[in-house]
Amino acid sequence: MATAGLGAVSHSIEGRSLAVEASPDPLASGIRPASRNDFAFIQSVLSEGLAADTDRYYIHPGDYAWWVYHDDPRYPDHLATWIQNDSGFVTIDSLGPHENEITVFTRPGVDRMPLIRWAQRRLRDRGDVGWVSDGDRELIDELEAEGYSAEYVNRSYQWDLTGELPQPDLPPGWSLRALGGEHEANPRRAASHAAFESTMPWALHLQRYIDFMRSPVYAPERDLVAVAPSGQIASFMVWWADDSGVAQIEPFGTHPDYQRQGIGRALIYHGLAEMKAADMGTCRVITDEPRAATAFYEGVGFNDVGRIRWWRKVLESR
């Protein structure tokens with residue numbers, strides 16, 4: 001963690017590290033560092049929020065699983081999580097879109113500002129509060145009253161899976177399928193490395209994905225790829241299921257050599273059919289704004305359901 005003057009310890013969730021600040025906070029009530037036993041609780045808070053269908057934005061349980069089990073090995077202690085009683089949790093990520101991203105999720109109806117204030121005290125008011133929906137007027141009013149302004153924006157998209165779905169259309173020789181196993185991890189890695197213009201050394205990039213494939217959250221049948229007649233993986237996506245009936249795509253990408261050829265579109269349609277077959281009612285995806293991805297998701301048929309913002313506390317000098 002990048003919080004000066006506070007000692008840190010690490011707690012493991014099934015072999016992965018969640019860095020947490022060990023120093024007690026006399027102003028906090030019922031807040032404690034997360035441990036491996038809290039992973040299911042964190043997932044349940046997020047799933048409950050998705051099922052409640054409120055104005056609050058909840059990340060998908062798959063998002064959190066991806067954060068933990070596909071973490072950047074170059075920065076093993078950047079993610080810190082604390083639990084507050086049985087009401088919710090707060091995460092501080094020093095590698096967020098702006099350094100020190102505060103993420104707070106509580107059960108529906110539970111006030112989030114106490115946890116936000118607690119995290120800001122630890123960061124000396126230099127944290128950015130993330131994942132706030134434009135429709136979440138309750139939290140926005142509180143943030144504005146305490147001197148926050150909106151800074152960074154993501155766009156949220158959804159697909160109603162209860163209707164008829166479009167069919168994938170690819171040239172002969174192409175295939176849409178699940179990744180075949182660890183022997184395909186390197187071509188899968190190569191597609192991802194190119195699609196996201198990663199700066200990570202390829203060997204480390206590969207080991208990270210293999211570690212993810214060996215983790216308890218990995219579902220091989222939901223790790224989908226579009227494969228060219230040459231055998232090269234051209235496009236990829238992981239989708240996450242949840243008891244709420246909401247599925248999430250994270251991540252999705254297409255190798256630059258195969259973009260704008262309908263390959264990614266076909267993989268998306270294949271994935272949507274897999275989600276529907278698994279009794280998911282809604283598919284969600286979120287992306288930065290602005291970028292070509294917004295045009296892609298709108299072009300393939302996703303509905304734009306609003307913006308998710310990161311809020312920064314206005315200080316005289318930061």
# chains A, B, ... in the order shown; residues from 1 in each chain; ligands from 1

$ select_by_dssp --residues "stretch 118-275 of chain A" --states "strand (DSSP E)" --output "MDAnalysis selection string"
chainID A and resid 128:133 148:160 175:178 223:227 233:240 246:254

$ residues_around --residues "A:Thr294" --least-positions-apart "4" --cutoff "12 Å" --atoms "only C-alpha atoms" --output "VMD selection string"
chain A and resid 154 to 157 285 to 290 298 to 307

$ residues_around --residues "stretch 124-141 of chain A" --least-positions-apart "6" --cutoff "6 Å" --atoms "only C-alpha atoms" --output "PyMOL selection string"
chain A and resi 55-57+100-103+307-312

$ closest_residue --among "A:Asp77, A:Gln158, A:Asp223, A:Ser235" --to "A:Tyr258" --atoms "only C-alpha atoms"
A:Ser235

$ closest_residue --among "A:Val217, A:Leu176, A:Ile92, A:Ala40" --to "A:Tyr69" --atoms "only C-alpha atoms"
A:Val217

$ atom_distance --atom1 "atom CA of A:Ala247" --atom2 "atom CA of A:Thr282"
6.0 Å

$ closest_residue --among "A:Ser47, A:Ser230, A:Thr162, A:Asn186" --to "A:Thr106" --atoms "only C-alpha atoms"
A:Ser47

$ residues_around --residues "A:Asp243" --least-positions-apart "6" --cutoff "10 Å" --atoms "only C-alpha atoms" --output "PyMOL selection string"
chain A and resi 44+47-48+50-51+279-280

$ residues_around --residues "stretch 110-112 of chain A" --least-positions-apart "4" --cutoff "9 Å" --atoms "only C-alpha atoms" --output "ChimeraX atom specification"
/A:87-88,104-106,116-117,139

$ closest_residue --among "A:Trp202, A:His60, A:Pro108, A:Glu99" --to "A:Leu123" --atoms "only C-alpha atoms"
A:Glu99

$ closest_residue --among "A:Arg214, A:Gly62, A:Gln261, A:Glu142" --to "A:Val246" --atoms "only C-alpha atoms"
A:Gly62

$ closest_residue --among "A:Tyr64, A:Pro171, A:Ala34, A:Gln120" --to "A:Tyr148" --atoms "only C-alpha atoms"
A:Gln120

$ residues_around --residues "A:Gly147" --least-positions-apart "6" --cutoff "9 Å" --atoms "only C-alpha atoms" --output "list in words"
Arg312, Lys313, Val314 and Leu315 of chain A
